[in-house]
Amino acid sequence: MVNERLVELGVVGRPHGIRGEVRLTWYADSLDLLQGAVLLKAGDLPPRRVEVRSVRTSGAVPLVLFAGVADRSAAETLRGQSVLVPESALPECAGDEVYLHELIGFTVRLDATGEPLGVLAHVDFYGEQELWVISTPEGREVYLPAVPEFVADIDCTVKEICITPPEGLLELYLQD
């Protein structure tokens, strides 16, 4: 785990109850990666290894109890920390699937013209919505909802993403 690439799979949210459980904003499809140990990272501090004591859901919200977190006050200190796992802990993708973190740095082109727009800089999550942040050569950021209607193609061989943004979206971000 020492020099291995780490992948953010979620963020610790508010405490749940009085016994130390926390809510997670979880980006992965499965909670299976919350078995054993994960890494928590707060700001610029180095990540630290923590044992997961239990995982359950309340509705669709994952609830996690970490070792050493025995009450609501201790749980509150974890709020906002990233939940990380080593890249090697991720299951292998099937067929044409790809992990989201592998797309970071791909060139983003407009599907209609082939014109490069920028590179995929990072991904934000707002509720259930995945939002791609595209950095242009001019240093601007374009936010694109990552839905099938707007993502025409992803070519991992050449590291390119072709998009069909909704009418008016680019003008919002690229006007002077």
# chains A, B, ... in the order shown; residues from 1 in each chain; ligands from 1

$ closest_atom_pairs --of "stretch 116-150 of chain A" --to "stretch 20-42 of chain A" --cutoff "12 Å" --atoms "only C-alpha atoms" --output "CSV"
residue,atom,partner,partner_atom,distance
A:Val123,CA,A:Tyr27,CA,10.6
A:Asp124,CA,A:Tyr27,CA,10.0
A:Phe125,CA,A:Tyr27,CA,8.0
A:Tyr126,CA,A:Thr25,CA,9.6
A:Gly127,CA,A:Thr25,CA,8.3
A:Glu128,CA,A:Tyr27,CA,9.0
A:Gln129,CA,A:Tyr27,CA,10.3
A:Glu130,CA,A:Tyr27,CA,9.2

$ residues_around --residues "stretch 4-7 of chain A" --least-positions-apart "2" --cutoff "10 Å" --atoms "only C-alpha atoms" --output "list in words"
Met1, Val2, Leu9, Gly10, Leu39, Pro47, Ser82, Val83, Leu84, Val85, Pro86, Glu87, Ser88, Ala89, Leu90, Tyr99, Leu100, His101 and Glu102 of chain A

$ residues_around --residues "stretch 147-159 of chain A" --least-positions-apart "2" --cutoff "9 Å" --atoms "only C-alpha atoms" --output "count of residues only"
19

$ residues_around --residues "A:Leu78" --least-positions-apart "4" --cutoff "8 Å" --atoms "only C-alpha atoms" --output "list in words"
Val12, Gly13 and Ala74 of chain A

$ closest_residue --among "A:Val133, A:Tyr173, A:Gly139, A:His16" --to "A:Val61" --atoms "only C-alpha atoms"
A:His16
